[in-house]
Structures are given as C-alpha cells and as structure tokens.
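Data from start.cif: mmCIF, C-alpha atoms, pLDDT in the B column; chains and numbers go by the auth columns
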```
data_query
loop_
_atom_site.group_PDB
_atom_site.id
_atom_site.type_symbol
_atom_site.label_atom_id
_atom_site.label_comp_id
_atom_site.label_asym_id
_atom_site.label_seq_id
_atom_site.Cartn_x
_atom_site.Cartn_y
_atom_site.Cartn_z
_atom_site.B_iso_or_equiv
_atom_site.auth_seq_id
_atom_site.auth_asym_id
ATOM 1 C CA MET A 1 94.887 123.580 87.123 63.00 29 A
ATOM 2 C CA ILE A 2 93.564 120.084 87.827 74.00 30 A
ATOM 3 C CA ASP A 3 89.789 119.582 88.075 74.00 31 A
ATOM 4 C CA GLY A 4 88.441 119.165 91.607 72.00 32 A
ATOM 5 C CA VAL A 5 91.515 120.307 93.526 77.00 33 A
ATOM 6 C CA SER A 6 91.010 122.025 96.858 78.00 34 A
ATOM 7 C CA ALA A 7 94.524 123.410 97.326 81.00 35 A
ATOM 8 C CA GLN A 8 97.696 123.921 95.356 83.00 36 A
ATOM 9 C CA VAL A 9 101.451 123.680 96.036 86.00 37 A
ATOM 10 C CA ARG A 10 103.663 125.175 93.341 86.00 38 A
ATOM 11 C CA SER A 11 106.704 126.597 95.130 86.00 39 A
ATOM 12 C CA TRP A 12 109.776 125.144 96.800 87.00 40 A
ATOM 13 C CA SER A 13 112.733 127.204 97.994 86.00 41 A
ATOM 14 C CA TYR A 14 115.211 124.900 96.217 87.00 42 A
ATOM 15 C CA GLY A 15 113.621 125.568 92.821 84.00 43 A
ATOM 16 C CA ASN A 16 110.950 124.074 90.639 87.00 44 A
ATOM 17 C CA LEU A 17 109.909 120.433 90.723 91.00 45 A
ATOM 18 C CA SER A 18 109.063 118.477 87.585 92.00 46 A
ATOM 19 C CA LYS A 19 105.807 116.532 87.407 94.00 47 A
ATOM 20 C CA ARG A 20 107.823 113.304 87.345 95.00 48 A
ATOM 21 C CA ASP A 21 109.703 114.177 90.544 95.00 49 A
ATOM 22 C CA ALA A 22 106.512 115.450 92.211 95.00 50 A
ATOM 23 C CA LEU A 23 104.702 112.197 91.405 96.00 51 A
ATOM 24 C CA ARG A 24 107.607 110.079 92.628 96.00 52 A
ATOM 25 C CA PHE A 25 107.925 112.183 95.786 96.00 53 A
ATOM 26 C CA SER A 26 104.226 111.901 96.683 96.00 54 A
ATOM 27 C CA ARG A 27 104.331 108.131 96.062 96.00 55 A
ATOM 28 C CA SER A 28 107.467 107.757 98.194 96.00 56 A
ATOM 29 C CA VAL A 29 105.823 109.684 101.019 96.00 57 A
ATOM 30 C CA MET A 30 102.903 107.239 100.775 95.00 58 A
ATOM 31 C CA LYS A 31 105.419 104.384 100.886 96.00 59 A
ATOM 32 C CA PHE A 32 107.599 105.552 103.800 94.00 60 A
ATOM 33 C CA GLY A 33 105.376 108.230 105.344 91.00 61 A
ATOM 34 C CA ASN A 34 107.747 109.525 107.966 90.00 62 A
ATOM 35 C CA GLU A 35 109.889 112.650 107.915 91.00 63 A
ATOM 36 C CA SER A 36 112.632 110.813 109.812 91.00 64 A
ATOM 37 C CA GLN A 37 113.054 108.591 106.731 92.00 65 A
ATOM 38 C CA ILE A 38 113.486 111.492 104.325 94.00 66 A
ATOM 39 C CA ASN A 39 116.796 109.983 103.178 93.00 67 A
ATOM 40 C CA LEU A 40 114.963 106.848 101.927 94.00 68 A
ATOM 41 C CA ILE A 41 112.254 108.972 100.313 95.00 69 A
ATOM 42 C CA SER A 42 114.732 111.215 98.482 94.00 70 A
ATOM 43 C CA ALA A 43 116.908 108.264 97.407 94.00 71 A
ATOM 44 C CA GLU A 44 113.885 106.608 95.821 94.00 72 A
ATOM 45 C CA VAL A 45 112.786 109.815 94.083 94.00 73 A
ATOM 46 C CA GLY A 46 116.195 110.880 92.786 92.00 74 A
ATOM 47 C CA GLY A 47 116.224 113.821 90.368 90.00 75 A
ATOM 48 C CA ALA A 48 115.989 117.305 91.859 91.00 76 A
ATOM 49 C CA VAL A 49 114.829 115.933 95.220 92.00 77 A
ATOM 50 C CA GLY A 50 117.784 113.560 95.532 92.00 78 A
ATOM 51 C CA ALA A 51 120.209 116.350 94.601 92.00 79 A
ATOM 52 C CA ALA A 52 118.717 118.812 97.094 93.00 80 A
ATOM 53 C CA PRO A 53 120.232 119.301 100.561 94.00 81 A
ATOM 54 C CA LEU A 54 118.565 117.580 103.520 94.00 82 A
ATOM 55 C CA GLN A 55 116.961 120.820 104.721 95.00 83 A
ATOM 56 C CA ALA A 56 115.291 121.376 101.321 94.00 84 A
ATOM 57 C CA GLN A 57 114.064 117.760 101.233 95.00 85 A
ATOM 58 C CA THR A 58 112.518 118.164 104.685 95.00 86 A
ATOM 59 C CA GLU A 59 110.945 121.446 103.592 95.00 87 A
ATOM 60 C CA LEU A 60 109.363 119.716 100.570 95.00 88 A
ATOM 61 C CA PHE A 61 107.939 117.016 102.866 96.00 89 A
ATOM 62 C CA ASP A 62 106.470 119.708 105.135 95.00 90 A
ATOM 63 C CA VAL A 63 105.051 121.644 102.158 94.00 91 A
ATOM 64 C CA LEU A 64 103.299 118.486 100.928 95.00 92 A
ATOM 65 C CA ILE A 65 101.801 117.773 104.366 96.00 93 A
ATOM 66 C CA ASP A 66 100.716 121.402 104.861 94.00 94 A
ATOM 67 C CA GLY A 67 99.130 121.451 101.406 93.00 95 A
ATOM 68 C CA CYS A 68 97.205 118.263 102.186 92.00 96 A
ATOM 69 C CA ARG A 69 95.992 119.723 105.485 94.00 97 A
ATOM 70 C CA GLU A 70 94.823 122.846 103.674 92.00 98 A
ATOM 71 C CA ALA A 71 92.987 120.742 101.069 89.00 99 A
ATOM 72 C CA VAL A 72 91.227 118.734 103.805 90.00 100 A
ATOM 73 C CA GLU A 73 90.226 121.880 105.708 89.00 101 A
ATOM 74 C CA LEU A 74 88.609 123.378 102.600 83.00 102 A
ATOM 75 C CA GLU A 75 86.199 120.402 102.437 71.00 103 A
ATOM 76 C CA SER A 76 85.998 119.441 98.793 63.00 104 A
ATOM 77 C CA LEU A 77 82.677 118.339 97.322 66.00 105 A
ATOM 78 C CA ASP A 78 84.492 116.019 94.918 64.00 106 A
ATOM 79 C CA LEU A 79 83.533 112.338 95.210 67.00 107 A
ATOM 80 C CA LYS A 80 87.215 111.367 95.317 72.00 108 A
ATOM 81 C CA GLY A 81 87.717 113.470 98.431 82.00 109 A
ATOM 82 C CA PRO A 82 89.998 116.474 98.832 89.00 110 A
ATOM 83 C CA LEU A 83 92.703 116.697 96.176 90.00 111 A
ATOM 84 C CA LEU A 84 95.941 118.649 96.310 89.00 112 A
ATOM 85 C CA ASP A 85 97.598 119.971 93.160 92.00 113 A
ATOM 86 C CA PHE A 86 101.242 119.204 94.011 93.00 114 A
ATOM 87 C CA PHE A 87 103.338 120.735 91.209 93.00 115 A
ATOM 88 C CA GLY A 88 100.747 119.573 88.656 91.00 116 A
ATOM 89 C CA VAL A 89 100.207 116.123 90.180 93.00 117 A
ATOM 90 C CA PRO A 90 96.878 115.289 91.882 92.00 118 A
ATOM 91 C CA VAL A 91 97.390 113.935 95.419 93.00 119 A
ATOM 92 C CA LYS A 92 94.586 112.448 97.529 93.00 120 A
ATOM 93 C CA ALA A 93 95.081 114.627 100.590 92.00 121 A
ATOM 94 C CA ASN A 94 93.105 112.579 103.100 93.00 122 A
ATOM 95 C CA GLU A 95 94.816 109.303 102.200 94.00 123 A
ATOM 96 C CA LEU A 96 98.274 110.835 102.425 96.00 124 A
ATOM 97 C CA LEU A 97 97.610 112.446 105.821 95.00 125 A
ATOM 98 C CA ILE A 98 96.219 109.203 107.241 95.00 126 A
ATOM 99 C CA ARG A 99 99.209 107.211 105.949 95.00 127 A
ATOM 100 C CA VAL A 100 101.682 109.706 107.425 95.00 128 A
ATOM 101 C CA GLN A 101 99.873 109.589 110.767 95.00 129 A
ATOM 102 C CA GLU A 102 99.944 105.773 110.756 94.00 130 A
ATOM 103 C CA PHE A 103 103.669 105.743 109.999 94.00 131 A
ATOM 104 C CA GLN A 104 104.352 108.276 112.757 93.00 132 A
ATOM 105 C CA LEU A 105 102.530 106.080 115.275 92.00 133 A
ATOM 106 C CA LEU A 106 104.425 103.011 114.058 92.00 134 A
ATOM 107 C CA ALA A 107 107.747 104.878 114.296 92.00 135 A
ATOM 108 C CA LYS A 108 106.906 105.983 117.831 92.00 136 A
ATOM 109 C CA CYS A 109 106.283 102.365 118.845 90.00 137 A
ATOM 110 C CA ILE A 110 109.352 100.943 117.109 91.00 138 A
ATOM 111 C CA THR A 111 111.983 103.561 117.955 90.00 139 A
ATOM 112 C CA ARG A 112 111.484 103.265 121.697 92.00 140 A
ATOM 113 C CA TYR A 113 113.212 99.871 121.643 91.00 141 A
ATOM 114 C CA GLU A 114 116.963 99.448 121.646 92.00 142 A
ATOM 115 C CA ASP A 115 116.690 96.294 119.488 91.00 143 A
ATOM 116 C CA PRO A 116 113.312 96.508 117.712 88.00 144 A
ATOM 117 C CA ILE A 117 113.683 93.183 115.891 87.00 145 A
ATOM 118 C CA ALA A 118 114.019 91.293 119.163 87.00 146 A
ATOM 119 C CA GLN A 119 111.791 93.464 121.365 88.00 147 A
ATOM 120 C CA PHE A 120 108.935 94.931 119.301 86.00 148 A
ATOM 121 C CA ARG A 121 105.633 93.056 119.584 83.00 149 A
ATOM 122 C CA VAL A 122 102.046 93.826 118.653 78.00 150 A
ATOM 123 C CA LEU A 123 100.378 94.088 122.040 73.00 151 A
ATOM 124 C CA THR A 124 96.777 94.025 120.885 73.00 152 A
ATOM 125 C CA TYR A 125 95.332 90.540 120.895 69.00 153 A
ATOM 126 C CA LEU A 126 93.289 89.698 117.844 68.00 154 A
ATOM 127 C CA LYS A 127 91.324 86.510 117.379 72.00 155 A
ATOM 128 C CA PRO A 128 93.379 84.315 115.029 68.00 156 A
ATOM 129 C CA LEU A 129 91.954 83.969 111.542 70.00 157 A
ATOM 130 C CA ASN A 130 91.304 80.532 110.098 72.00 158 A
ATOM 131 C CA TRP A 131 94.139 80.789 107.580 70.00 159 A
ATOM 132 C CA SER A 132 96.661 81.735 110.282 67.00 160 A
ATOM 133 C CA LYS A 133 95.989 78.577 112.287 68.00 161 A
ATOM 134 C CA GLY A 134 97.088 76.378 109.406 71.00 162 A
ATOM 135 C CA CYS A 135 100.400 78.118 108.813 80.00 163 A
ATOM 136 C CA GLY A 136 101.314 79.006 112.389 74.00 164 A
ATOM 137 C CA TRP A 137 101.123 82.803 111.979 76.00 165 A
ATOM 138 C CA ASN A 138 101.382 84.551 115.361 78.00 166 A
ATOM 139 C CA GLN A 139 102.009 87.921 117.039 81.00 167 A
ATOM 140 C CA ILE A 140 105.740 87.707 116.386 84.00 168 A
ATOM 141 C CA ASP A 141 105.013 87.410 112.666 85.00 169 A
ATOM 142 C CA ASP A 142 102.659 90.413 112.905 85.00 170 A
ATOM 143 C CA ALA A 143 105.407 92.441 114.576 88.00 171 A
ATOM 144 C CA ARG A 144 107.984 91.460 111.967 90.00 172 A
ATOM 145 C CA LEU A 145 105.582 92.363 109.166 89.00 173 A
ATOM 146 C CA LEU A 146 105.171 95.843 110.683 91.00 174 A
ATOM 147 C CA LEU A 147 108.950 96.149 111.096 91.00 175 A
ATOM 148 C CA GLY A 148 109.330 95.308 107.411 92.00 176 A
ATOM 149 C CA VAL A 149 106.815 98.001 106.476 92.00 177 A
ATOM 150 C CA TYR A 150 108.636 100.528 108.663 91.00 178 A
ATOM 151 C CA TYR A 151 112.134 99.763 107.342 91.00 179 A
ATOM 152 C CA HIS A 152 111.326 98.985 103.687 91.00 180 A
ATOM 153 C CA GLY A 153 108.118 100.914 103.030 91.00 181 A
ATOM 154 C CA PHE A 154 104.470 100.092 102.467 91.00 182 A
ATOM 155 C CA GLY A 155 103.939 98.050 99.320 85.00 183 A
ATOM 156 C CA SER A 156 107.552 96.965 98.793 66.00 184 A
#
```

Encoded form (structure tokens):
Amino acid sequence: MIDGVSAQVRSWSYGNLSKRDALRFSRSVMKFGNESQINLISAEVGGAVGAAPLQAQTELFDVLIDGCREAVELESLDLKGPLLDFFGVPVKANELLIRVQEFQLLAKCITRYEDPIAQFRVLTYLKPLNWSKGCGWNQIDDARLLLGVYYHGFGS
C-alpha cells in the first residue's frame, strides 16, 4: 500500500496489470484524456493494455476514472491532494479528473465541425500578450495549438 492513498484499484477483468503498464496507462490518459481516443492511449502504452480487446481497454479507462472519483470523494488530508493507488502506482486523482474533463470539453468543441482544421476557432477574445504582437500570434494559431493537443496529446 502506498502512503497517503485515498482509494485503490487492483482489479481488471482482462487480468493483472504490471506497475510499468499501469504507470504508462495513467500517463497516457493524462496525455490524451479522452475515452474516444482509447486506441491512441493503448498504442502508446503497449504491453497488456495494447494486447487487450477494445472493450477491456475502455473498461480500464473507466476503472481509472471511477477510482479517481472515489479518491476525491474521500477527501484526503494529504498535502499532495487525493491519491489513487492504481495497480501499485500513485495517481494524483484531482489532476487526472480535471485533465479528462478539459479534454472532453475540447473534444465536444472540435468534433462538432466537419473540417476542424479549417473551421475550429477559439471564440473567447483575450487581450493579446506583448510577446504575441511581435510574432503575429492570433486566434487561428490558438485554435491550431488546441487542435494539436487534441490530436497528438498534451505535452507531445
């Protein structure tokens, strides 16, 4: 058991998950954050997750999210916030849930367009920063940056 954990996930219907695969899976969920991109998540993880059928991969995603929700609901007193023990790997539950929610909102905005690259724009006007004036950064660049995050993951 990991110190300071609020909840624990140790079972998956497809079998056991190694610490290495659990760590890679939780990091890939932080990178892509959307269940609809489970194929990208599992391809990046490989191992037992990559070999599992799509239904088992989706189940593992749901188990991770449910475990994080449970950890947040139990209100940990740990300074790091609520932690989930995911097959022996500590996962910051709050951060993961927020990232998944952000990716779901982004997916909702992007997938409503037939041609997202040509049509998607950031509709909120923000005062341009000083650095953006010098290089010509605009709302189209903001939209393309978000499209890159959606298609290639956060931190790629």

- Message: Give me the residues near A:Gly43 as a VMD selection string, where near means some atom within 12 Å (using all atoms listed in the file) and where sequence neighbours in that chain fewer than 4 positions away do not count.
- Response: chain A and resid 38 to 39 76 to 77 79 to 81 84 to 85 87 to 88 115

- Any chance you could work out the residue set of the PyMOL selection byres ((chain A and resi 32) around 7) here, as JSON, numbers by chain? {"A": [30, 31, 33, 34, 106, 111]}

- Task: Could you tell me which residues the PyMOL selection byres ((chain A and resi 46) around 10) returns for this structure, as JSON, numbers by chain?
- Result: {"A": [43, 44, 45, 47, 48, 49, 50, 51, 52, 75, 76, 77, 115, 116, 117]}

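Here atom CA of A:Gly176 and atom CA of A:Asn62 stand 14.3 Å from one another.
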
Check which residues of stretch 42-74 of chain A sit at most 9 Å from stretch 124-148 of chain A using all atoms listed in the file, and return one row each with the closest pair of atoms and their distance in Å to one decimal, ordered by chain and rising number, as JSON lines.
```
{"residue": "A:Ser54", "atom": "CA", "partner": "A:Leu124", "partner_atom": "CA", "distance": 8.3}
{"residue": "A:Val57", "atom": "CA", "partner": "A:Val128", "partner_atom": "CA", "distance": 7.6}
{"residue": "A:Met58", "atom": "CA", "partner": "A:Leu124", "partner_atom": "CA", "distance": 6.1}
{"residue": "A:Lys59", "atom": "CA", "partner": "A:Arg127", "partner_atom": "CA", "distance": 8.5}
{"residue": "A:Phe60", "atom": "CA", "partner": "A:Phe131", "partner_atom": "CA", "distance": 7.3}
{"residue": "A:Gly61", "atom": "CA", "partner": "A:Val128", "partner_atom": "CA", "distance": 4.5}
{"residue": "A:Asn62", "atom": "CA", "partner": "A:Phe131", "partner_atom": "CA", "distance": 5.9}
{"residue": "A:Glu63", "atom": "CA", "partner": "A:Gln132", "partner_atom": "CA", "distance": 8.6}
{"residue": "A:Ser64", "atom": "CA", "partner": "A:Ala135", "partner_atom": "CA", "distance": 8.9}
```

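Picture a line from atom CA of A:Thr152 to atom CA of A:Ile168; it runs 11.9 Å.
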
- So how many Å separate atom CA of A:Val91 and atom CA of A:Val177, to one decimal? 24.1 Å

Edge lengths and centre in Å, axis-aligned, stretch 84-93 of chain A plus 6 Å each side, as lines of an AutoDock Vina configuration file:
```
center_x = 108.5
center_y = 119.3
center_z = 102.9
size_x = 25.5
size_y = 16.6
size_z = 16.6
```

- Would you translate the PyMOL selection byres ((chain A and resi 121) around 7) into the concrete set of residues it matches in this file, as a ChimeraX atom specification? /A:96,99-100,110-112,119-120,122-125

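Using only C-alpha atoms for every distance, the candidate list A:Val150, A:Leu157, A:Val73, A:Val37 yields A:Val150 as the residue closest to A:Arg172.
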
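In terms of minimum interatomic distance to A:Phe114, A:Gln36 ranks closest within A:Lys155, A:Ile66, A:Gln36, A:Glu72, counting only C-alpha atoms.
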